[in-house]
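J.: Please find my_file26.txt (compact mmCIF, C-alpha atoms) on the next line:
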```txt
# COMPACT_ATOMS: atom_id res chain seq x y z
CA MET A 8 10.08 -10.89 -21.22
CA ALA A 9 13.19 -9.53 -22.89
CA ALA A 10 12.79 -7.59 -26.08
CA THR A 11 16.17 -8.75 -27.34
CA GLU A 12 14.86 -10.17 -30.60
CA GLN A 13 11.81 -9.72 -32.75
CA ILE A 14 9.61 -12.41 -34.17
CA GLY A 15 10.17 -13.10 -37.85
CA PHE A 16 7.77 -14.40 -40.46
CA ALA A 17 8.21 -15.26 -44.11
CA VAL A 18 5.89 -12.49 -45.32
CA PRO A 19 6.65 -9.97 -48.09
CA PRO A 20 7.77 -6.70 -46.48
CA ALA A 21 5.11 -4.59 -48.23
CA THR A 22 2.33 -6.92 -47.09
CA PHE A 23 3.69 -6.97 -43.56
CA GLN A 24 3.82 -3.17 -43.49
CA ARG A 25 0.23 -2.81 -44.73
CA ARG A 26 -0.90 -5.30 -42.11
CA ASN A 27 0.82 -3.24 -39.38
CA ILE A 28 -0.86 -0.04 -40.54
CA VAL A 29 -4.31 -1.63 -40.68
CA LEU A 30 -3.93 -3.13 -37.21
CA ALA A 31 -2.71 0.16 -35.75
CA PHE A 32 -5.66 2.11 -37.16
CA SER A 33 -8.07 -0.54 -35.90
CA LEU A 34 -6.60 -0.31 -32.39
CA TRP A 35 -6.76 3.51 -32.44
CA LEU A 36 -10.40 3.34 -33.53
CA TRP A 37 -11.23 1.02 -30.64
CA CYS A 38 -9.54 3.39 -28.20
CA ALA A 39 -11.43 6.34 -29.69
CA CYS A 40 -14.69 4.42 -29.15
CA LEU A 41 -13.76 4.06 -25.47
CA PHE A 42 -12.66 7.67 -24.92
CA PHE A 43 -14.66 10.15 -26.94
CA PRO A 44 -18.17 9.07 -25.92
CA LEU A 45 -17.22 9.89 -22.32
CA ALA A 46 -17.15 13.59 -23.21
CA SER A 47 -20.65 13.62 -24.66
CA VAL A 48 -22.48 10.78 -22.91
CA ASP A 49 -23.02 11.47 -19.22
CA VAL A 50 -22.57 7.89 -18.05
CA TRP A 51 -21.80 8.78 -14.45
CA ALA A 52 -24.67 11.21 -13.79
CA GLY A 53 -27.34 8.57 -13.41
CA GLU A 54 -28.87 8.91 -16.89
CA SER A 55 -29.28 5.18 -17.32
CA ALA A 56 -30.90 5.57 -20.73
CA GLN A 57 -27.58 6.73 -22.13
CA ILE A 58 -25.50 3.86 -20.76
CA PRO A 59 -26.51 1.36 -23.50
CA LEU A 60 -25.45 3.95 -26.09
CA TYR A 61 -21.99 4.16 -24.52
CA GLN A 62 -21.78 0.36 -24.41
CA MET A 63 -22.62 0.24 -28.11
CA TYR A 64 -19.47 2.24 -28.81
CA GLN A 65 -17.49 -0.19 -26.65
CA VAL A 66 -18.88 -3.27 -28.39
CA GLY A 67 -18.49 -1.76 -31.86
CA GLY A 68 -14.85 -0.87 -31.25
CA LEU A 69 -14.11 -4.28 -29.77
CA LEU A 70 -15.71 -6.29 -32.57
CA GLN A 71 -14.08 -4.34 -35.39
CA PHE A 72 -10.66 -4.82 -33.79
CA ILE A 73 -11.15 -8.57 -33.43
CA LEU A 74 -12.42 -8.93 -36.99
CA VAL A 75 -9.56 -6.87 -38.42
CA SER A 76 -6.96 -8.77 -36.36
CA PHE A 77 -8.12 -12.17 -37.61
CA ALA A 78 -8.63 -10.90 -41.15
CA VAL A 79 -5.12 -9.52 -41.67
CA GLY A 80 -2.94 -11.58 -39.34
CA PRO A 81 -4.29 -14.92 -38.04
CA ARG A 82 -0.93 -16.59 -38.58
CA HIS A 83 0.84 -13.90 -36.57
CA ILE A 84 -1.59 -14.45 -33.70
CA SER A 85 -0.96 -18.20 -33.60
CA GLN A 86 2.81 -17.69 -33.81
CA ALA A 87 2.69 -15.12 -30.99
CA LEU A 88 0.78 -17.53 -28.75
CA ALA A 89 3.57 -20.08 -29.28
CA CYS A 90 6.02 -17.52 -27.88
CA TYR A 91 4.39 -17.19 -24.45
CA ASP A 92 6.64 -17.69 -21.46
CA PRO A 93 5.43 -19.88 -18.53
CA LEU A 94 4.10 -16.86 -16.62
CA GLN A 95 1.93 -15.66 -19.49
CA ALA A 96 0.80 -19.21 -20.20
CA ALA A 97 -0.18 -19.66 -16.53
CA ILE A 98 -2.40 -16.57 -16.59
CA LEU A 99 -4.03 -17.67 -19.83
CA ALA A 100 -4.62 -21.15 -18.37
CA VAL A 101 -6.32 -19.72 -15.27
CA ILE A 102 -8.63 -17.59 -17.42
CA LEU A 103 -9.46 -20.58 -19.63
CA LEU A 104 -10.15 -22.88 -16.67
CA SER A 105 -12.30 -20.22 -15.03
CA ILE A 106 -14.99 -21.01 -17.61
CA ALA A 107 -15.99 -23.84 -15.25
CA LEU A 108 -16.82 -21.25 -12.58
CA GLN A 109 -19.51 -19.62 -14.69
CA PHE A 110 -22.21 -22.26 -14.27
CA HIS A 111 -24.18 -20.81 -11.38
CA GLY A 112 -26.98 -18.33 -10.97
CA ARG A 113 -29.32 -17.05 -13.68
CA GLU A 114 -28.99 -18.37 -17.23
CA VAL A 115 -28.54 -14.84 -18.57
CA ALA A 116 -25.69 -14.22 -16.12
CA ILE A 117 -24.05 -17.51 -17.14
CA LEU A 118 -24.27 -16.60 -20.82
CA GLU A 119 -22.84 -13.13 -20.20
CA GLY A 120 -19.99 -14.54 -18.12
CA LEU A 121 -19.09 -17.14 -20.74
CA THR A 122 -19.19 -14.53 -23.50
CA TYR A 123 -16.99 -12.11 -21.55
CA THR A 124 -14.45 -14.83 -20.75
CA LEU A 125 -14.19 -16.07 -24.33
CA LEU A 126 -13.90 -12.53 -25.67
CA LEU A 127 -11.19 -11.84 -23.11
CA LEU A 128 -9.16 -14.79 -24.39
CA VAL A 129 -9.64 -13.70 -28.01
CA VAL A 130 -8.55 -10.12 -27.28
CA ILE A 131 -5.46 -11.31 -25.41
CA ALA A 132 -4.49 -13.38 -28.46
CA CYS A 133 -5.04 -10.38 -30.77
CA PHE A 134 -2.96 -8.14 -28.52
CA SER A 135 -0.11 -10.63 -28.55
CA GLY A 136 -0.28 -10.63 -32.34
CA LEU A 137 0.42 -6.88 -32.33
CA TRP A 138 3.81 -7.59 -30.77
CA THR A 139 4.94 -9.34 -33.95
CA MET A 140 5.45 -5.88 -35.43
CA PRO A 141 9.02 -4.61 -35.69
CA ASP A 142 10.05 -2.15 -32.98
CA ASN A 143 9.54 0.99 -35.06
CA ALA A 144 6.04 -0.07 -36.17
CA LEU A 145 5.10 -1.08 -32.62
CA ALA A 146 6.33 2.30 -31.33
CA ASP A 147 4.19 4.07 -33.94
CA CYS A 148 1.19 1.92 -33.04
CA PHE A 149 1.43 2.60 -29.31
CA GLY A 150 2.35 6.22 -29.90
CA GLY A 151 -0.88 6.53 -31.86
CA ILE A 152 -2.80 5.47 -28.74
CA ALA A 153 -1.12 8.35 -26.88
CA VAL A 154 -2.09 10.81 -29.62
CA THR A 155 -5.68 9.52 -29.47
CA VAL A 156 -5.71 10.13 -25.71
CA PHE A 157 -4.28 13.61 -26.21
CA ALA A 158 -6.96 14.43 -28.80
CA PHE A 159 -9.64 13.18 -26.41
CA GLY A 160 -8.28 15.36 -23.59
CA ILE A 161 -8.33 18.46 -25.81
CA TYR A 162 -11.83 17.60 -27.03
CA ALA A 163 -13.15 17.07 -23.50
CA VAL A 164 -11.74 20.40 -22.31
CA ALA A 165 -13.15 22.14 -25.39
CA VAL A 166 -16.62 20.71 -24.67
CA HIS A 167 -16.73 21.16 -20.89
CA GLY A 168 -14.11 23.79 -20.12
CA TRP A 169 -11.23 23.44 -17.68
CA PRO A 170 -11.99 20.99 -14.81
CA ALA A 171 -13.74 22.55 -11.81
CA ASP A 172 -13.84 20.78 -8.43
CA ARG A 173 -12.23 17.75 -10.06
CA ARG A 174 -15.08 17.41 -12.54
CA LEU A 175 -14.81 17.52 -16.31
CA GLY A 176 -18.42 17.34 -17.41
CA GLY A 177 -19.87 13.97 -16.47
CA ILE A 178 -16.54 12.14 -16.63
CA HIS A 179 -15.49 10.63 -13.31
CA PRO A 180 -12.12 12.13 -12.27
CA ASN A 181 -10.46 8.76 -11.81
CA MET A 182 -11.81 7.51 -15.13
CA PHE A 183 -10.33 10.57 -16.81
CA GLY A 184 -7.08 10.10 -14.88
CA SER A 185 -6.88 6.48 -16.01
CA VAL A 186 -7.15 7.56 -19.65
CA MET A 187 -4.45 10.20 -19.16
CA LEU A 188 -2.19 7.62 -17.52
CA ALA A 189 -2.56 5.40 -20.59
CA GLY A 190 -1.61 8.30 -22.84
CA PHE A 191 1.45 9.02 -20.71
CA MET A 192 2.62 5.40 -20.72
CA PHE A 193 2.17 4.76 -24.43
CA SER A 194 3.84 8.03 -25.40
CA GLN A 195 7.10 6.67 -24.00
CA PHE A 196 7.28 4.01 -26.71
CA ARG A 197 8.01 6.60 -29.38
CA ARG A 198 10.68 9.26 -29.65
CA GLY A 199 10.06 12.88 -30.59
CA TYR A 200 8.93 16.24 -29.31
CA VAL A 201 5.30 15.45 -30.11
CA MET A 202 5.37 12.55 -27.66
CA ALA A 203 7.02 14.78 -25.05
CA VAL A 204 4.17 17.29 -25.43
CA VAL A 205 1.62 14.47 -25.14
CA ARG A 206 3.29 13.20 -21.96
CA LEU A 207 3.33 16.60 -20.32
CA SER A 208 -0.27 17.31 -21.35
CA CYS A 209 -1.52 13.98 -19.98
CA LEU A 210 0.20 14.63 -16.64
CA VAL A 211 -1.22 18.17 -16.45
CA LEU A 212 -4.76 16.96 -17.19
CA ALA A 213 -4.50 14.13 -14.63
CA THR A 214 -3.39 16.76 -12.11
CA ALA A 215 -6.23 19.08 -13.11
CA VAL A 216 -8.82 16.49 -12.03
CA SER A 217 -6.70 15.59 -8.98
CA SER A 218 -6.52 11.89 -9.83
CA ARG A 219 -3.83 10.98 -7.33
CA PHE A 220 -3.26 7.40 -8.38
CA ALA A 221 -2.84 8.53 -12.01
CA MET A 222 -0.34 11.24 -11.08
CA ILE A 223 1.75 8.87 -8.97
CA ALA A 224 1.55 6.15 -11.63
CA CYS A 225 2.73 8.59 -14.32
CA VAL A 226 5.76 9.45 -12.19
CA LEU A 227 6.49 5.75 -11.58
CA SER A 228 6.24 5.00 -15.30
CA PHE A 229 8.58 7.87 -16.12
CA LEU A 230 11.18 6.95 -13.49
CA VAL A 231 11.27 3.26 -14.47
CA PHE A 232 11.55 4.22 -18.14
CA GLU A 233 14.39 6.66 -17.48
CA VAL A 234 16.31 4.19 -15.32
CA THR A 235 15.96 1.26 -17.73
CA SER A 236 16.16 2.98 -21.13
CA ARG A 237 19.67 4.36 -20.68
CA PRO A 238 22.65 3.94 -18.36
CA LEU A 239 22.44 5.88 -15.12
CA GLY A 240 23.89 9.29 -15.73
CA ARG A 241 23.55 13.03 -15.55
CA ARG A 242 19.92 13.22 -16.65
CA LEU A 243 18.71 10.90 -13.91
CA ALA A 244 20.80 12.76 -11.33
CA LEU A 245 19.21 16.05 -12.41
CA LEU A 246 15.74 14.53 -12.12
CA ALA A 247 16.49 13.28 -8.62
CA LEU A 248 17.83 16.69 -7.64
CA ALA A 249 14.75 18.45 -9.05
CA GLY A 250 12.47 16.10 -7.11
CA ALA A 251 14.35 16.70 -3.87
CA VAL A 252 14.23 20.48 -4.37
CA ALA A 253 10.47 20.33 -5.03
CA VAL A 254 9.89 18.39 -1.81
CA VAL A 255 11.97 20.83 0.23
CA LEU A 256 10.93 24.15 -1.33
CA LEU A 257 7.37 23.45 -2.48
CA PRO A 258 5.78 21.27 0.21
CA GLU A 259 2.51 23.23 0.19
CA LEU A 260 2.17 22.86 -3.57
CA LEU A 261 2.76 19.10 -3.37
CA SER A 262 0.28 18.85 -0.50
CA SER A 263 -2.30 20.72 -2.56
CA VAL A 264 -1.73 18.63 -5.69
CA LEU A 265 -2.06 15.37 -3.75
CA ALA A 266 -5.02 16.75 -1.74
CA LEU A 267 -3.40 15.73 1.54
CA ASN A 268 -5.37 18.39 3.42
CA ASP A 269 -8.74 17.42 1.99
CA PRO A 270 -10.76 15.99 4.92
CA GLU A 271 -12.65 13.71 2.51
CA ARG A 272 -9.54 12.38 0.75
CA ASN A 273 -6.70 12.45 3.29
CA LEU A 274 -4.63 9.62 4.70
CA ASP A 275 -7.22 8.99 7.40
CA SER A 276 -9.44 7.55 4.69
CA GLY A 277 -6.76 4.98 3.94
CA LEU A 278 -5.48 7.04 0.99
CA THR A 279 -8.11 5.50 -1.25
CA GLY A 280 -11.23 6.21 0.80
CA ARG A 281 -12.31 2.65 -0.01
CA ASP A 282 -11.59 0.81 3.22
CA GLU A 283 -15.21 -0.29 3.59
CA GLN A 284 -15.32 -1.54 0.00
CA TRP A 285 -12.14 -3.52 0.54
CA ALA A 286 -13.60 -5.06 3.69
CA ARG A 287 -16.69 -6.19 1.76
CA ALA A 288 -14.44 -7.70 -0.90
CA VAL A 289 -12.55 -9.73 1.70
CA VAL A 290 -15.87 -11.10 2.96
CA ALA A 291 -16.81 -12.02 -0.62
CA ILE A 292 -13.50 -13.88 -1.04
CA VAL A 293 -14.15 -15.85 2.14
CA ASP A 294 -17.68 -16.67 1.00
CA ALA A 295 -16.49 -17.94 -2.43
CA PRO A 296 -12.88 -19.12 -2.01
CA PHE A 297 -12.91 -20.98 -5.35
CA GLY A 298 -14.11 -17.95 -7.30
CA LEU A 299 -17.25 -16.80 -9.10
CA GLY A 300 -15.94 -16.46 -12.65
CA PHE A 301 -14.85 -13.54 -14.78
CA LYS A 302 -17.29 -10.59 -14.67
CA ARG A 303 -19.63 -12.37 -12.25
CA PRO A 304 -18.98 -10.58 -8.92
CA ASP A 305 -21.30 -7.80 -7.83
CA THR A 306 -19.52 -4.48 -8.35
CA GLU A 307 -20.53 -3.25 -4.90
CA HIS A 308 -18.76 -6.19 -3.25
CA ALA A 309 -15.66 -6.32 -5.45
CA GLY A 310 -13.72 -3.64 -3.55
CA HIS A 311 -12.97 -1.39 -6.53
CA ASN A 312 -9.53 -3.00 -6.40
CA GLY A 313 -8.15 -5.03 -9.28
CA TYR A 314 -6.35 -7.53 -7.08
CA LEU A 315 -9.28 -8.17 -4.76
CA ARG A 316 -11.63 -8.61 -7.69
CA THR A 317 -9.20 -11.04 -9.31
CA LEU A 318 -9.34 -13.19 -6.18
CA ILE A 319 -13.13 -13.02 -6.19
CA GLU A 320 -13.36 -13.89 -9.88
CA PHE A 321 -10.74 -16.65 -10.15
CA GLY A 322 -10.63 -17.85 -6.55
CA ILE A 323 -7.83 -17.78 -4.02
CA ILE A 324 -5.77 -20.34 -5.95
CA GLY A 325 -6.45 -19.13 -9.48
CA GLY A 326 -6.38 -15.46 -8.52
CA GLY A 327 -3.20 -16.04 -6.53
CA VAL A 328 -1.57 -17.59 -9.61
CA VAL A 329 -2.61 -14.62 -11.76
CA ILE A 330 -1.34 -12.03 -9.29
CA THR A 331 1.92 -13.89 -8.67
CA ALA A 332 2.54 -14.33 -12.39
CA LEU A 333 1.76 -10.64 -12.95
CA LEU A 334 4.26 -9.50 -10.32
CA ALA A 335 6.90 -11.88 -11.63
CA THR A 336 6.34 -10.64 -15.19
CA VAL A 337 6.72 -7.03 -14.05
CA SER A 338 9.96 -7.91 -12.28
CA THR A 339 11.28 -9.64 -15.40
CA ALA A 340 10.24 -6.70 -17.59
CA VAL A 341 12.20 -4.23 -15.46
CA PHE A 342 15.46 -6.12 -16.14
CA ALA A 343 14.69 -6.91 -19.80
CA PRO A 344 16.00 -3.63 -21.35
CA ALA A 345 19.53 -4.35 -20.16
CA ARG A 346 19.61 -7.40 -22.46
CA CYS A 347 18.49 -5.54 -25.59
CA ARG A 348 20.87 -5.28 -28.53
CA ASP A 349 19.88 -1.91 -29.98
CA ASP A 350 18.32 1.42 -28.97
CA ASP A 351 14.91 0.75 -30.54
CA SER A 352 14.35 -2.57 -28.78
CA ARG A 353 15.69 -1.12 -25.53
CA ARG A 354 13.23 1.76 -25.70
CA VAL A 355 10.29 -0.59 -26.34
CA ALA A 356 11.33 -2.83 -23.46
CA ALA A 357 11.84 0.15 -21.12
CA ALA A 358 8.47 1.67 -22.03
CA ARG A 359 6.81 -1.70 -21.41
CA ALA A 360 8.54 -1.97 -18.04
CA GLY A 361 7.48 1.54 -17.04
CA GLY A 362 3.92 0.89 -18.13
CA LEU A 363 3.65 -2.40 -16.26
CA VAL A 364 5.00 -0.87 -13.04
CA ALA A 365 2.53 2.01 -13.33
CA LEU A 366 -0.41 -0.30 -14.04
CA THR A 367 0.56 -2.63 -11.19
CA PHE A 368 0.33 0.34 -8.82
CA ALA A 369 -2.83 1.75 -10.42
CA SER A 370 -4.60 -1.62 -10.16
CA PHE A 371 -5.04 -1.03 -6.43
CA PHE A 372 -7.43 1.78 -7.39
CA GLN A 373 -9.07 0.32 -10.51
CA PRO A 374 -12.03 -2.07 -10.43
CA GLN A 375 -10.44 -4.85 -12.52
CA LEU A 376 -7.07 -6.06 -13.78
CA PHE A 377 -8.48 -7.24 -17.11
CA ASN A 378 -11.41 -5.51 -18.74
CA LEU A 379 -12.80 -5.08 -22.24
CA GLY A 380 -14.52 -1.78 -21.49
CA ASP A 381 -11.88 0.53 -20.04
CA ILE A 382 -8.39 1.58 -20.97
CA HIS A 383 -6.79 0.32 -17.76
CA GLY A 384 -7.75 -3.29 -18.40
CA LEU A 385 -6.84 -3.03 -22.08
CA SER A 386 -3.45 -1.50 -21.28
CA MET A 387 -2.69 -4.23 -18.75
CA MET A 388 -3.46 -6.97 -21.26
CA LEU A 389 -1.63 -5.21 -24.07
CA LEU A 390 1.61 -4.89 -22.07
CA LEU A 391 1.37 -8.06 -20.00
CA PHE A 392 0.98 -10.37 -22.98
CA GLY A 393 3.67 -8.79 -25.13
CA VAL A 394 6.00 -11.30 -26.78
CA ARG A 395 9.52 -10.89 -28.10
CA GLY A 396 12.02 -13.43 -29.41
CA ARG A 397 10.82 -16.72 -27.88
CA GLY A 398 9.60 -20.00 -29.23
CA PRO A 399 9.88 -21.58 -32.68
CA ALA A 400 8.81 -18.41 -34.48
CA ALA A 401 11.71 -16.38 -33.19
CA ALA A 402 14.21 -15.07 -35.69
CA ALA A 403 16.90 -12.49 -35.74
CA ALA A 404 14.82 -9.86 -37.50
CA THR A 405 11.30 -9.23 -38.67
CA ARG A 406 10.95 -9.40 -42.39
```
Once more with this new file: its structure as structure tokens, please.

T.:
Amino acid sequence: MAATEQIGFAVPPATFQRRNIVLAFSLWLWCACLFFPLASVDVWAGESAQIPLYQMYQVGGLLQFILVSFAVGPRHISQALACYDPLQAAILAVILLSIALQFHGREVAILEGLTYTLLLLVVIACFSGLWTMPDNALADCFGGIAVTVFAFGIYAVAVHGWPADRRLGGIHPNMFGSVMLAGFMFSQFRRGYVMAVVRLSCLVLATAVSSRFAMIACVLSFLVFEVTSRPLGRRLALLALAGAVAVVLLPELLSSVLALNDPERNLDSGLTGRDEQWARAVVAIVDAPFGLGFKRPDTEHAGHNGYLRTLIEFGIIGGGVVITALLATVSTAVFAPARCRDDDSRRVAAARAGGLVALTFASFFQPQLFNLGDIHGLSMMLLLFGVRGRGPAAAAATR
């Protein structure tokens, strides 16, 4: 959706500014609860006793963000919901209707599925409320996420040392790469040399663990941002030339970075190495064409692919609506910066477009499009349900 106008509310400027600061800190705290425990809690090494501890951080961060959002800005949330375009409304409707799919299986599983779905809807509403901030405050808020990611990367390297054989302690390489991708994307919302350092550092760390999807997604995010944030000119031409020179003069380096010669990770494995998982997911879709409900599919049969899992969760029809609306929203977002009236709004719109393109690609390699427990799902919701200048709450400027 175009970021041509901001949403205005009759709120005293000082109060509105304090509300923006409180919300930003609450969001950063939630992100910190998702990131930092990964460096000290070895979730992926089979120490099941530690997993509940990690989930406690997740739940604590989530609940404090929801409570803060409704405490300081319930009116902003309701006004933001009124600004949804038909694509965003369609996705929200599918998620809401999917509650009917939860009533099967064990009672505990039903209760968990209902809780997850309702929390998902609440978080989406809270995320939309963040977009009522003016462009400079929103850029600071999202830039703070990037700084949090950067701090986590430095902390993880300090604890475990430089990655060896793709491993950084007990953190899964692709999990780490997903976090670095988020830092890269959100750093583009804000100007400054600090954000440039954060971007470069996130890309270097994603490369250090050889997370291919994260590296490619970072490049996609950067290219879309550069193309949409300013008229085509000398800078883009220089970037294209540098890329062409790298392909011609440094093919071995590129092959090494992308692990094209790794017999366990080469193109013969279908690039992802998950062909068998995808095949099981297709079987699961055929077995339950109307869907199983959010968070109900067995992880082993969900394909480790956000789009396949969406079809399993919401059914062929509901999942198809979600995926179609997502792709249409991404397409709209790419053209939105051209309609912006000033540099700040254009930058926000371009950063959103770059982030959505990157996440759309990365979702082929992530287990879920929407998720309350990892940064990929949070980033997708945060960017997908952004609102700007629509509906009865729209005004020329934010007070």

J.: What is the distance, in Å and to one decimal place, between CA of Asp351 in chain A and CA of Asn143 in chain A?

T.: 7.0 Å

J.: Kindly indicate which residue among A:Leu227, A:Leu379, A:Val364, A:Leu70 lies nearest to Ala335 in chain A, using only C-alpha atoms for the distances.

T.: A:Val364

J.: Between CA of Val101 in chain A and CA of Asn378 in chain A, what is the distance, to one decimal in Å?

T.: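 Taking CA of Val101 in chain A as the start and CA of Asn378 in chain A as the end point, the length is 15.5 Å.
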
J.: Closest to Val204 in chain A among A:Trp138, A:Phe191, A:Phe368, A:Tyr123, using only C-alpha atoms?

T.: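 For Val204 in chain A, the nearest of the candidates is A:Phe191.
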
J.: Which polymer residues have any atom within 12 Å of an atom of Ile28 in chain A, counting all atoms listed in the file, with same-chain residues fewer than 6 positions away left out, as a ChimeraX atom specification?

T.: /A:21-22,34-35,75-76,79-80,137,140-141,143-149,151

J.: Could you state the separation of CA of Asp381 in chain A and CA of Ser33 in chain A in Å, given to one decimal place?

T.: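 Here the two named atoms are 16.3 Å from each other.
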
J.: Can you tell me, as a PyMOL selection string, what residues are no more than 10 Å from range 177-187 of chain A when counting only C-alpha atoms, ignoring any on the same chain fewer than 4 positions away?

T.: chain A and resi 38+41-42+44-53+153+156-157+159-160+163+167+170+172-173+191-192+205-206+208-222+224-225+366+369+372-373+381-383+386

J.: For Ala39 in chain A, which of A:Gly380, A:Asp142, A:Phe371, A:Gly120 is the closest residue, counting all atoms listed in the file?

T.: A:Gly380

J.: At a cut-off of 12 Å, using all atoms listed in the file, what residues contact Ile117 in chain A? Leave out same-chain residues fewer than 4 positions from it and give the result as a PyMOL selection string.

T.: chain A and resi 106-113+121-124+299-304

J.: Looking at A:Tyr64, A:Trp285, A:Phe297, A:Phe342, which one is nearest to Pro374 in chain A, with distances taken over only C-alpha atoms?

T.: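 Of the candidates, the smallest distance to Pro374 in chain A is held by A:Trp285.
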
J.: With distances taken over all atoms listed in the file, which residue among A:Leu128, A:Gly361, A:Ala158, A:Gln375 lies nearest Phe193 in chain A?

T.: A:Gly361

J.: For Gln195 in chain A, which residue out of A:Ile330, A:Cys40, A:Val166, A:Val355 is the nearest one, using only C-alpha atoms?

T.: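 Smallest separation from Gln195 in chain A among the options: A:Val355.
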
J.: Using all atoms listed in the file, which residues sit within 12 Å of Leu334 in chain A once same-chain residues fewer than 4 positions away are excluded, as a VMD selection string?

T.: chain A and resid 94 to 95 98 314 327 to 330 338 to 341 360 363 to 364 366 to 368 370 391

J.: Model the absent atoms of range 120-132 of chain A so that N, CA, C and O atoms are present, and write the result as a compact mmCIF listing (two decimals), keeping the file's coordinate frame.

T.:
```
# COMPACT_ATOMS: atom_id res chain seq x y z
N GLY A 120 -21.31 -14.20 -18.64
CA GLY A 120 -19.99 -14.54 -18.12
C GLY A 120 -19.17 -15.35 -19.10
O GLY A 120 -17.97 -15.10 -19.29
N LEU A 121 -19.79 -16.33 -19.74
CA LEU A 121 -19.09 -17.14 -20.74
C LEU A 121 -18.64 -16.29 -21.92
O LEU A 121 -17.51 -16.42 -22.42
N THR A 122 -19.52 -15.40 -22.37
CA THR A 122 -19.19 -14.53 -23.50
C THR A 122 -18.02 -13.62 -23.16
O THR A 122 -17.07 -13.47 -23.96
N TYR A 123 -18.07 -13.00 -21.98
CA TYR A 123 -16.99 -12.11 -21.55
C TYR A 123 -15.66 -12.87 -21.49
O TYR A 123 -14.62 -12.37 -21.94
N THR A 124 -15.69 -14.07 -20.92
CA THR A 124 -14.45 -14.83 -20.75
C THR A 124 -13.85 -15.21 -22.10
O THR A 124 -12.64 -15.08 -22.32
N LEU A 125 -14.69 -15.69 -23.02
CA LEU A 125 -14.19 -16.07 -24.33
C LEU A 125 -13.66 -14.86 -25.10
O LEU A 125 -12.62 -14.94 -25.76
N LEU A 126 -14.38 -13.74 -25.01
CA LEU A 126 -13.90 -12.53 -25.67
C LEU A 126 -12.58 -12.06 -25.08
O LEU A 126 -11.70 -11.57 -25.79
N LEU A 127 -12.44 -12.22 -23.76
CA LEU A 127 -11.19 -11.84 -23.11
C LEU A 127 -10.02 -12.64 -23.68
O LEU A 127 -8.96 -12.08 -23.99
N LEU A 128 -10.21 -13.94 -23.84
CA LEU A 128 -9.16 -14.79 -24.39
C LEU A 128 -8.83 -14.40 -25.83
O LEU A 128 -7.65 -14.37 -26.23
N VAL A 129 -9.86 -14.09 -26.61
CA VAL A 129 -9.64 -13.70 -28.01
C VAL A 129 -8.86 -12.38 -28.09
O VAL A 129 -7.93 -12.25 -28.89
N VAL A 130 -9.23 -11.42 -27.26
CA VAL A 130 -8.55 -10.12 -27.28
C VAL A 130 -7.09 -10.26 -26.85
O VAL A 130 -6.20 -9.63 -27.42
N ILE A 131 -6.84 -11.07 -25.84
CA ILE A 131 -5.46 -11.31 -25.41
C ILE A 131 -4.63 -11.85 -26.57
O ILE A 131 -3.49 -11.43 -26.81
N ALA A 132 -5.20 -12.81 -27.31
CA ALA A 132 -4.49 -13.38 -28.46
C ALA A 132 -4.23 -12.31 -29.52
O ALA A 132 -3.14 -12.23 -30.09
```
